[in-house]
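Peer 1: The following file, data.cif, comprises mmCIF, C-alpha atoms:
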data_work
loop_
_atom_site.label_atom_id
_atom_site.label_comp_id
_atom_site.auth_asym_id
_atom_site.auth_seq_id
_atom_site.Cartn_x
_atom_site.Cartn_y
_atom_site.Cartn_z
CA MET A 1 37.73 112.55 -64.47
CA PRO A 2 39.37 115.33 -62.47
CA THR A 3 37.82 118.75 -62.75
CA PRO A 4 40.05 121.25 -64.54
CA GLN A 5 41.05 124.03 -62.22
CA THR A 6 42.36 127.29 -63.53
CA TYR A 7 44.09 130.12 -61.84
CA ALA A 8 46.18 133.06 -62.89
CA ALA A 9 49.32 134.40 -61.28
CA ARG A 10 51.62 137.37 -61.38
CA ASP A 11 55.14 137.58 -59.92
CA TRP A 12 57.18 140.67 -59.32
CA SER A 13 59.93 142.05 -57.09
CA LEU A 14 58.97 144.18 -54.11
CA TRP A 15 60.73 145.19 -50.90
CA SER A 16 63.73 142.98 -51.72
CA VAL A 17 61.55 139.88 -51.97
CA THR A 18 59.54 138.12 -54.67
CA ALA A 19 55.87 139.01 -54.52
CA ARG A 20 53.19 136.76 -56.00
CA LEU A 21 49.50 137.27 -56.60
CA VAL A 22 47.30 134.29 -57.49
CA VAL A 23 43.58 134.46 -58.25
CA THR A 24 41.17 131.60 -58.83
CA GLU A 25 39.28 133.64 -61.43
CA PRO A 26 41.83 134.24 -64.20
CA THR A 27 39.83 137.09 -65.73
CA ALA A 28 40.21 139.00 -62.46
CA LEU A 29 44.00 139.07 -62.54
CA ALA A 30 44.46 142.48 -64.14
CA GLU A 31 42.06 144.22 -61.80
CA ALA A 32 43.42 142.30 -58.83
CA SER A 33 46.93 143.40 -59.74
CA GLY A 34 45.85 147.02 -59.73
CA LEU A 35 44.24 146.64 -56.32
CA ALA A 36 47.29 144.85 -54.94
CA ASP A 37 49.70 147.45 -56.29
CA ALA A 38 47.68 150.27 -54.78
CA CYS A 39 47.34 148.49 -51.45
CA LEU A 40 51.04 147.70 -51.18
CA ALA A 41 52.07 151.17 -52.31
CA GLY A 42 49.88 152.56 -49.56
CA VAL A 43 51.59 150.39 -46.99
CA GLU A 44 55.04 151.45 -48.19
CA GLN A 45 54.13 155.12 -48.22
CA ALA A 46 52.80 154.82 -44.70
CA ALA A 47 55.41 152.65 -43.00
CA SER A 48 58.69 152.53 -44.89
CA ARG A 49 61.79 153.38 -42.87
CA PHE A 50 63.69 153.95 -46.09
CA LEU A 51 61.50 156.43 -47.94
CA PRO A 52 62.33 159.91 -46.63
CA ASP A 53 58.83 161.12 -47.45
CA SER A 54 56.94 158.17 -45.95
CA GLU A 55 54.51 159.00 -43.19
CA LEU A 56 56.64 157.05 -40.72
CA SER A 57 59.79 158.98 -41.66
CA ARG A 58 57.96 162.28 -41.24
CA LEU A 59 56.32 161.51 -37.91
CA ARG A 60 56.76 164.48 -35.59
CA PRO A 61 54.75 164.24 -32.37
CA GLY A 62 53.52 167.49 -30.92
CA PRO A 63 54.38 168.93 -27.50
CA ASP A 64 51.97 166.47 -25.90
CA GLY A 65 53.90 163.56 -27.42
CA THR A 66 51.08 162.53 -29.73
CA VAL A 67 50.50 162.69 -33.46
CA LEU A 68 47.48 161.95 -35.64
CA VAL A 69 48.39 159.25 -38.16
CA GLY A 70 46.66 158.13 -41.33
CA PRO A 71 44.38 155.09 -41.40
CA VAL A 72 46.93 152.78 -42.99
CA LEU A 73 49.70 153.64 -40.55
CA ALA A 74 47.25 153.40 -37.67
CA ASP A 75 46.30 149.92 -38.81
CA LEU A 76 49.95 148.87 -39.10
CA VAL A 77 50.84 150.28 -35.68
CA ALA A 78 47.82 148.51 -34.20
CA ALA A 79 49.05 145.27 -35.76
CA ALA A 80 52.53 145.81 -34.33
CA LEU A 81 51.14 146.46 -30.86
CA GLU A 82 48.95 143.37 -31.11
CA ALA A 83 52.05 141.34 -31.93
CA ALA A 84 53.95 142.88 -29.03
CA ARG A 85 51.14 142.09 -26.59
CA GLU A 86 50.80 138.50 -27.81
CA THR A 87 54.52 137.89 -27.40
CA ASP A 88 55.10 139.96 -24.27
CA GLY A 89 57.43 142.19 -26.21
CA MET A 90 59.46 139.58 -28.08
CA VAL A 91 58.20 141.21 -31.26
CA ASP A 92 58.77 144.89 -30.58
CA PRO A 93 58.20 147.77 -33.00
CA THR A 94 60.59 150.14 -31.21
CA LEU A 95 63.80 148.61 -32.56
CA GLY A 96 64.24 151.06 -35.42
CA ASP A 97 67.35 152.64 -33.93
CA ALA A 98 68.81 149.25 -33.03
CA LEU A 99 68.49 148.08 -36.63
CA ALA A 100 69.89 151.32 -37.98
CA GLY A 101 72.79 150.98 -35.55
CA LEU A 102 73.60 147.64 -37.14
CA GLY A 103 73.66 149.26 -40.55
CA TYR A 104 70.13 148.42 -41.68
CA ASP A 105 69.21 151.99 -42.49
CA ARG A 106 68.39 151.60 -46.17
CA ASP A 107 66.90 149.06 -48.52
CA LEU A 108 68.52 145.66 -48.14
CA ALA A 109 69.62 145.67 -51.77
CA LEU A 110 71.80 148.68 -50.99
CA LEU A 111 73.60 147.07 -48.03
CA PRO A 112 76.94 145.29 -48.42
CA PRO A 113 76.20 141.60 -48.92
CA ALA A 114 77.19 139.15 -46.21
CA THR A 115 80.60 137.74 -47.03
CA GLY A 116 81.10 135.55 -44.00
CA GLY A 117 82.85 136.08 -40.74
CA ARG A 118 81.52 135.63 -37.28
CA ASP A 119 77.96 136.76 -36.54
CA VAL A 120 77.32 139.68 -34.25
CA ARG A 121 76.27 138.31 -30.87
CA ALA A 122 74.57 139.49 -27.71
CA GLY A 123 76.87 141.58 -25.59
CA GLU A 124 78.69 142.89 -28.63
CA VAL A 125 76.19 145.60 -29.43
CA VAL A 126 74.78 148.46 -27.44
CA LEU A 127 71.01 148.33 -27.45
CA ARG A 128 69.87 151.57 -29.04
CA ARG A 129 66.32 152.06 -27.95
CA ALA A 130 64.74 154.98 -26.13
CA SER A 131 61.86 152.89 -24.83
CA THR A 132 59.88 149.71 -25.43
CA TRP A 133 56.54 148.99 -27.06
CA ARG A 134 54.84 149.59 -23.72
CA SER A 135 55.50 153.30 -24.11
CA LEU A 136 53.43 153.43 -27.30
CA ARG A 137 49.72 154.13 -27.24
CA LEU A 138 47.22 154.21 -30.05
CA ASP A 139 43.81 155.77 -29.47
CA GLY A 140 41.97 155.51 -32.73
CA ARG A 141 44.40 157.26 -35.06
CA ARG A 142 46.18 159.24 -32.36
CA LEU A 143 49.58 157.76 -31.64
CA THR A 144 51.59 158.51 -28.53
CA LEU A 145 55.23 158.24 -29.50
CA PRO A 146 57.81 159.09 -26.82
CA ALA A 147 60.73 161.28 -27.85
CA GLY A 148 63.60 159.34 -29.33
CA VAL A 149 61.60 156.24 -30.23
CA ARG A 150 62.13 155.20 -33.83
CA LEU A 151 59.63 152.69 -35.07
CA ASP A 152 60.40 149.70 -37.24
CA LEU A 153 57.20 147.98 -38.31
CA GLY A 154 58.96 145.60 -40.65
CA ALA A 155 58.32 142.45 -38.66
CA THR A 156 54.59 142.84 -38.79
CA ALA A 157 53.85 145.35 -41.55
CA LYS A 158 54.66 142.99 -44.40
CA ALA A 159 52.47 140.26 -42.93
CA ARG A 160 49.66 142.70 -42.29
CA ALA A 161 50.10 144.00 -45.83
CA ALA A 162 49.59 140.49 -47.19
CA ASP A 163 46.44 140.13 -45.09
CA ARG A 164 45.10 143.53 -46.19
CA CYS A 165 45.90 142.91 -49.82
CA ALA A 166 44.24 139.48 -49.96
CA ALA A 167 41.15 140.73 -48.14
CA LEU A 168 40.85 143.74 -50.44
CA VAL A 169 41.06 141.70 -53.64
CA HIS A 170 38.50 139.20 -52.41
CA GLU A 171 36.09 141.84 -51.12
CA ARG A 172 36.20 143.88 -54.33
CA LEU A 173 36.33 141.11 -56.91
CA GLY A 174 34.95 138.02 -55.20
CA THR A 175 37.75 135.82 -56.45
CA GLY A 176 39.77 133.48 -54.31
CA VAL A 177 43.20 135.01 -53.84
CA LEU A 178 46.66 134.26 -52.49
CA VAL A 179 49.15 137.02 -51.81
CA ALA A 180 52.77 136.08 -51.08
CA LEU A 181 55.31 138.67 -50.00
CA GLY A 182 58.51 136.75 -49.51
CA GLY A 183 57.93 134.60 -46.48
CA ASP A 184 54.45 135.98 -45.77
CA VAL A 185 51.51 134.30 -47.50
CA ALA A 186 47.86 135.28 -46.96
CA THR A 187 44.73 133.95 -48.64
CA ALA A 188 41.10 135.06 -48.85
CA GLY A 189 37.98 133.72 -50.45
CA ALA A 190 37.63 130.29 -51.97
CA ALA A 191 40.69 128.10 -52.31
CA PRO A 192 41.38 125.81 -55.23
CA ARG A 193 39.79 122.40 -54.73
CA GLU A 194 42.88 120.85 -53.16
CA GLY A 195 43.69 123.91 -51.10
CA TRP A 196 46.36 126.50 -51.70
CA GLN A 197 49.53 124.56 -52.40
CA VAL A 198 52.51 126.27 -50.81
CA THR A 199 56.13 125.21 -50.94
CA VAL A 200 58.03 125.69 -47.69
CA GLN A 201 61.71 126.22 -48.31
CA ASP A 202 64.18 128.61 -46.70
CA LEU A 203 67.34 128.39 -48.76
CA PRO A 204 67.54 126.86 -52.25
CA THR A 205 69.75 124.13 -50.83
CA ASP A 206 67.11 123.07 -48.26
CA ALA A 207 64.74 120.19 -48.93
CA PRO A 208 61.34 121.70 -49.73
CA GLN A 209 58.04 120.55 -48.31
CA GLN A 210 54.70 121.22 -49.95
CA VAL A 211 51.62 121.80 -47.80
CA GLY A 212 48.03 122.67 -48.55
CA LEU A 213 46.42 125.66 -46.86
CA THR A 214 42.67 125.71 -46.44
CA ALA A 215 40.69 128.73 -47.59
CA GLY A 216 41.53 131.80 -45.55
CA ALA A 217 44.58 130.32 -43.85
CA ALA A 218 47.97 132.02 -43.86
CA VAL A 219 51.57 130.99 -43.44
CA ALA A 220 54.72 132.89 -42.57
CA THR A 221 58.38 131.98 -42.44
CA SER A 222 61.02 133.85 -40.49
CA SER A 223 64.66 133.09 -41.11
CA THR A 224 68.03 134.13 -39.83
CA ALA A 225 69.61 133.10 -43.12
CA ARG A 226 67.78 135.64 -45.26
CA ARG A 227 68.12 139.40 -45.11
CA THR A 228 71.73 139.32 -44.08
CA TRP A 229 74.44 141.89 -44.66
CA GLN A 230 77.96 142.76 -43.63
CA HIS A 231 78.53 145.31 -40.89
CA GLU A 232 81.92 146.19 -39.43
CA GLY A 233 83.41 142.87 -40.49
CA ARG A 234 80.56 140.80 -39.08
CA THR A 235 77.56 139.05 -40.59
CA VAL A 236 74.27 140.50 -39.43
CA HIS A 237 70.66 139.41 -39.97
CA HIS A 238 67.55 141.45 -39.39
CA LEU A 239 65.82 139.52 -36.60
CA LEU A 240 66.80 141.16 -33.34
CA ASP A 241 66.30 139.96 -29.80
CA PRO A 242 64.50 142.88 -28.15
CA ARG A 243 66.21 142.04 -24.86
CA THR A 244 69.72 142.57 -26.20
CA GLY A 245 69.41 144.41 -29.48
CA ALA A 246 71.62 141.77 -31.10
CA PRO A 247 70.57 139.42 -33.90
CA VAL A 248 68.88 136.36 -32.42
CA ASP A 249 71.19 133.44 -31.79
CA GLY A 250 69.14 130.37 -30.89
CA PRO A 251 68.89 126.79 -32.04
CA TRP A 252 66.62 127.56 -35.01
CA ARG A 253 67.58 128.95 -38.37
CA CYS A 254 64.08 129.16 -39.78
CA VAL A 255 60.55 128.87 -38.42
CA THR A 256 57.34 128.48 -40.45
CA VAL A 257 53.92 128.90 -38.84
CA VAL A 258 50.37 128.50 -40.17
CA ALA A 259 47.64 130.64 -38.61
CA PRO A 260 44.26 132.20 -39.42
CA THR A 261 46.02 135.43 -40.38
CA CYS A 262 49.46 136.17 -41.76
CA LEU A 263 50.01 138.70 -38.99
CA ARG A 264 49.52 136.03 -36.37
CA ALA A 265 51.67 133.54 -38.27
CA ASN A 266 54.51 136.04 -38.66
CA THR A 267 54.24 137.14 -35.05
CA ALA A 268 54.62 133.54 -33.91
CA SER A 269 57.49 132.69 -36.25
CA THR A 270 59.41 135.83 -35.33
CA ALA A 271 58.85 135.42 -31.60
CA THR A 272 59.92 131.78 -31.71
CA LEU A 273 63.27 132.75 -33.17
CA ALA A 274 63.67 135.63 -30.74
CA LEU A 275 62.96 133.41 -27.74
CA GLY A 276 65.85 131.11 -28.63
CA ASP A 277 65.90 127.97 -26.51
CA ALA A 278 62.48 128.78 -25.06
CA GLY A 279 60.92 129.30 -28.48
CA LEU A 280 59.64 125.80 -29.14
CA ASP A 281 57.79 125.47 -25.85
CA TRP A 282 56.21 128.91 -26.33
CA LEU A 283 55.20 128.08 -29.88
CA ALA A 284 53.73 124.72 -28.89
CA ARG A 285 51.52 126.46 -26.34
CA THR A 286 49.95 128.54 -29.11
CA GLY A 287 48.75 125.32 -30.75
CA LEU A 288 49.61 126.69 -34.19
CA PRO A 289 50.95 124.25 -36.78
CA ALA A 290 54.64 124.97 -37.24
CA ARG A 291 57.86 123.66 -38.72
CA LEU A 292 61.21 124.58 -37.18
CA LEU A 293 64.48 124.11 -39.00
CA ALA A 294 67.60 123.89 -36.84
CA HIS A 295 71.01 125.19 -37.83
CA ASP A 296 72.20 121.63 -38.29
CA GLY A 297 69.39 120.89 -40.76
CA GLY A 298 67.18 118.98 -38.33
CA VAL A 299 63.45 119.58 -38.62
CA VAL A 300 61.01 119.69 -35.70
CA THR A 301 57.25 120.13 -36.13
CA THR A 302 54.48 120.95 -33.71
CA GLY A 303 50.77 121.76 -33.57
CA GLY A 304 49.72 119.22 -36.18
CA TRP A 305 52.08 120.25 -38.96
CA PRO A 306 51.68 117.71 -41.78
CA ARG A 307 54.11 114.86 -41.73
CA GLU A 308 56.99 115.17 -44.14
CA VAL A 309 57.51 112.25 -46.48
CA ALA A 310 60.76 111.84 -48.32
CA ALA A 311 60.34 112.26 -52.04
CA MET B 1 84.67 130.85 -27.62
CA SER B 2 85.94 128.38 -30.18
CA GLU B 3 83.94 127.35 -33.19
CA THR B 4 83.95 123.76 -31.93
CA THR B 5 82.50 124.79 -28.60
CA THR B 6 79.84 126.87 -30.27
CA ARG B 7 78.87 123.99 -32.51
CA ALA B 8 78.64 121.61 -29.57
CA GLN B 9 76.41 124.02 -27.69
CA GLN B 10 74.20 124.40 -30.70
CA GLU B 11 73.83 120.67 -31.13
CA ARG B 12 72.96 120.31 -27.45
CA ARG B 13 70.27 122.96 -27.84
CA THR B 14 68.85 121.18 -30.87
CA ARG B 15 68.76 117.84 -29.02
CA HIS B 16 67.04 119.52 -26.10
CA ALA B 17 64.47 121.07 -28.42
CA ARG B 18 63.73 117.72 -30.03
CA GLN B 19 63.27 116.11 -26.64
CA SER B 20 60.89 118.91 -25.68
CA LEU B 21 58.89 118.20 -28.81
CA VAL B 22 57.66 114.90 -27.46
CA VAL B 23 55.67 116.76 -24.84
CA ALA B 24 54.97 119.89 -26.84
CA GLY B 25 53.78 118.09 -29.93
CA THR B 26 51.38 115.91 -28.01
CA ALA B 27 49.89 118.86 -26.20
CA GLY B 28 49.53 120.82 -29.39
CA ALA B 29 47.81 118.02 -31.24
CA LEU B 30 45.38 117.36 -28.42
CA ALA B 31 44.59 121.00 -27.97
CA THR B 32 43.94 121.93 -31.53
CA ALA B 33 43.08 118.80 -33.49
CA LEU B 34 44.54 120.38 -36.56
CA VAL B 35 45.88 117.21 -38.07
CA LEU B 36 44.29 116.60 -41.41
CA GLY B 37 43.72 113.21 -42.96
CA ALA B 38 46.36 110.77 -43.98
CA THR B 39 49.92 111.65 -44.76
CA THR B 40 50.55 112.16 -48.43
CA ALA B 41 53.01 115.02 -48.26
CA THR B 42 55.10 115.33 -51.34
CA SER B 43 58.08 117.50 -51.90
CA GLU B 44 58.45 119.56 -55.00
CA ALA B 45 61.28 121.92 -55.74
CA THR B 46 59.54 125.12 -56.62
CA THR B 47 61.20 128.43 -57.17
CA PRO B 48 58.79 131.31 -57.69
CA ALA B 49 58.67 132.17 -61.35
CA THR B 50 59.75 135.61 -62.38
CA THR B 51 57.62 135.93 -65.47
CA PRO B 52 55.40 139.01 -65.28
CA THR B 53 52.07 137.30 -65.80
CA SER B 54 50.95 133.78 -66.53
CA THR B 55 47.76 131.79 -66.66
CA THR B 56 47.94 128.12 -65.84
CA THR B 57 45.47 125.32 -66.35
CA GLN B 58 45.88 122.56 -63.82
CA GLN B 59 44.23 119.23 -63.29
CA GLN B 60 43.11 119.14 -59.71
CA GLY B 61 42.82 115.77 -58.09
CA THR B 62 40.88 114.61 -55.08
CA SER B 63 40.75 117.08 -52.26
CA SER B 64 43.01 116.15 -49.38
CA ASN B 65 41.36 118.38 -46.83
CA SER B 66 37.62 118.09 -47.31
CA GLY B 67 35.62 117.63 -44.18
CA SER B 68 38.21 119.14 -41.93
CA SER B 69 38.29 122.40 -40.06
CA GLY B 70 42.08 122.55 -39.98
CA LEU B 71 44.34 125.16 -41.46
CA VAL B 72 46.95 123.03 -43.17
CA ALA B 73 47.13 119.65 -44.83
CA PRO B 74 49.75 117.60 -46.57
CA GLY B 75 50.60 118.89 -50.00
CA SER B 76 48.85 117.38 -52.98
CA GLY B 77 51.99 117.02 -55.01
CA GLY B 78 50.45 119.21 -57.70
CA THR B 79 51.63 122.57 -58.87
CA SER B 80 52.59 124.90 -56.06
CA HIS B 81 50.67 128.19 -56.01
CA GLY B 82 53.28 130.00 -53.96
CA ALA B 83 56.24 129.65 -51.70
CA THR B 84 57.10 130.74 -48.21
CA GLY B 85 60.80 131.27 -48.00
CA GLY B 86 62.53 132.89 -45.14
CA SER B 87 62.25 136.63 -44.78
#
Take the structure in this file and express it as structure tokens.
Peer 2:
Amino acid sequence: MPTPQTYAARDWSLWSVTARLVVTEPTALAEASGLADACLAGVEQAASRFLPDSELSRLRPGPDGTVLVGPVLADLVAAALEAARETDGMVDPTLGDALAGLGYDRDLALLPPATGGRDVRAGEVVLRRASTWRSLRLDGRRLTLPAGVRLDLGATAKARAADRCAALVHERLGTGVLVALGGDVATAGAAPREGWQVTVQDLPTDAPQQVGLTAGAAVATSSTARRTWQHEGRTVHHLLDPRTGAPVDGPWRCVTVVAPTCLRANTASTATLALGDAGLDWLARTGLPARLLAHDGGVVTTGGWPREVAA
Amino acid sequence: MSETTTRAQQERRTRHARQSLVVAGTAGALATALVLGATTATSEATTPATTPTSTTTQQQGTSSNSGSSGLVAPGSGGTSHGATGGS
């Protein structure tokens, strides 16, 4: 006789994605929701490019080029620099101006929706960036930010937020927890008996695959088909190649990676797309389980990703 | 560049990537031993619900990942707790 397993869940909209909180102790849901809301609000207040009063928007380094940042922003910048180091700059937090130059200067919901037309390609945009991630320095909470550098922590901040949120709920309440922020899923504490069941699916028209994450594991999906908008008659997506400043244009439409943390999973999925043709070899060297979806619908897996069986 | 040419280049890149997988996949599996158990992956169309709050009781079957130190296993085919869509 199978053992009944209960859990409780809450879904809501946040940052232009669907957020989901799942706890293995149903009575903890209300308190967990409060913790999650506070945690995520703290991340937004620290790192949003779109809130004029966020700490990131108000950053003004002193004459020595440094500024003391709050603990949350320091943590998010540290995460971004970790991602940049791991990928040799293929995930770079200094692309804020490049994204704004492509029109992504406000919440995605406020941008003109993609209506088709040819994508923007490398060579068709001028890379707007005063410097690279190597010019940034974080000593404790003191950030060295060269003049003209506009940070965009989006690639890593959401993943780090999922990690922080899951860890906080588990530490405070003891319950097993899953936090999903769009493509970024983090877990902490005990998993349900058969693991955290996660559906991997980019677009609604794609065939889904269900996988089971073990306790504490995380998964992230990066896609060139989501977060798109129309800019000067072209279709643009938000994943930029730091080498060109243009939206990435490789063989893969969508990459999903499982890792011990959501930050690491997101870093790997983003870098794989940014590396284009070289992405698969790079990803395979990390040893992380991953699923890559090509533009033509073909699926390639690596690192021990579970075999897909047709339904 | 014509659309046909672009498509052909893309297909070539995809074929190349798949060929690379033969080597990459082997290396990855040997290096990490993350493969878990037998293959029982099941697909389930799951769109995240939009209801504010819900509590669900679910019958959990036999664990598909006990005794393994891996991070991911085939899905159980049961209710999905969450989804990772592109973002």
Peer 1: For Leu273 in chain A, list every protein, DNA or RNA residue within 7 Å, evaluated using all atoms listed in the file, and leave out those in the same chain fewer than 2 positions away; present the list as a PDB file with C-alpha atoms, keeping the file's coordinate frame.
Peer 2:
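Okay, around_18.pdb is ready:
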ATOM      1  CA  VAL A 248      68.880 136.360 -32.420  1.00  0.00           C
ATOM      2  CA  GLY A 250      69.140 130.370 -30.890  1.00  0.00           C
ATOM      3  CA  TRP A 252      66.620 127.560 -35.010  1.00  0.00           C
ATOM      4  CA  SER A 269      57.490 132.690 -36.250  1.00  0.00           C
ATOM      5  CA  THR A 270      59.410 135.830 -35.330  1.00  0.00           C
ATOM      6  CA  ALA A 271      58.850 135.420 -31.600  1.00  0.00           C
ATOM      7  CA  LEU A 275      62.960 133.410 -27.740  1.00  0.00           C
ATOM      8  CA  GLY A 276      65.850 131.110 -28.630  1.00  0.00           C
ATOM      9  CA  GLY A 279      60.920 129.300 -28.480  1.00  0.00           C
TER      10      GLY A 279
END
Peer 1: What do you get, as JSON, numbers by chain, if you spell out every residue that the PyMOL selection byres ((chain A) within 6 of (chain B)) selects here?
Peer 2: {"A": [2, 4, 5, 6, 7, 8, 9, 10, 11, 183, 193, 194, 197, 198, 199, 200, 201, 202, 208, 209, 210, 211, 212, 213, 214, 217, 221, 222, 223, 226, 251, 284, 287, 302, 303, 304, 306, 308, 309, 311]}
Peer 1: Please list, as a VMD selection string, the residues that have an atom at most 7 Å away from (50.7, 150.2, -42.3) in the coordinates of this file, counting all atoms listed in the file.
Peer 2: chain A and resid 43 46 to 47 72 to 77 157
Peer 1: So what do you get for CA of Thr144 in chain A versus CA of Pro71 in chain A, distance-wise?
Peer 2: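 That distance, rounded to one decimal, is 15.1 Å.
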Peer 1: Run the PyMOL selection byres ((chain A and resi 86-94) around 6) mentally over the shown coordinates, then write out the matched residues as a list of chain:residue names, using the chain letters and numbers from the document.
Peer 2: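 For this structure, the PyMOL selection byres ((chain A and resi 86-94) around 6) captures A:Ala83, A:Ala84, A:Arg85, A:Leu95, A:Gly96, A:Thr132, A:Trp133, A:Arg150, A:Leu151, A:Asp152, A:Leu153, A:Ala271.
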Peer 1: Show me, as a VMD selection string, the residues that have an atom within 8 Å of Thr175 in chain A when counting all atoms listed in the file, minus same-chain residues fewer than 6 positions from it.
Peer 2: chain A and resid 23 to 25 28 169 189 to 190
Peer 1: Using CA of Ala215 in chain A and CA of Thr301 in chain A as the two end points, give the distance in Å to one decimal.
Peer 2: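 Going from CA of Ala215 in chain A over to CA of Thr301 in chain A covers 21.9 Å.
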Peer 1: Between CA of Leu111 in chain A and CA of Val149 in chain A, what is the spacing in Å?
Peer 2: 23.3 Å
Peer 1: On this structure, the PyMOL selection byres ((chain A and resi 33) around 12) would catch which residues? List them as a ChimeraX atom specification, sorted by chain and number.
Peer 2: /A:8-12,19-23,26-32,34-41,165-166,168-170,173,177-179 /B:52-53
Peer 1: I'd like to know which of A:Ala278, A:Cys262, A:Ala114, A:Val257 is closest to Ala180 in chain A, using only C-alpha atoms.
Peer 2: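 Using only C-alpha atoms, the shortest distance to Ala180 in chain A belongs to A:Cys262.
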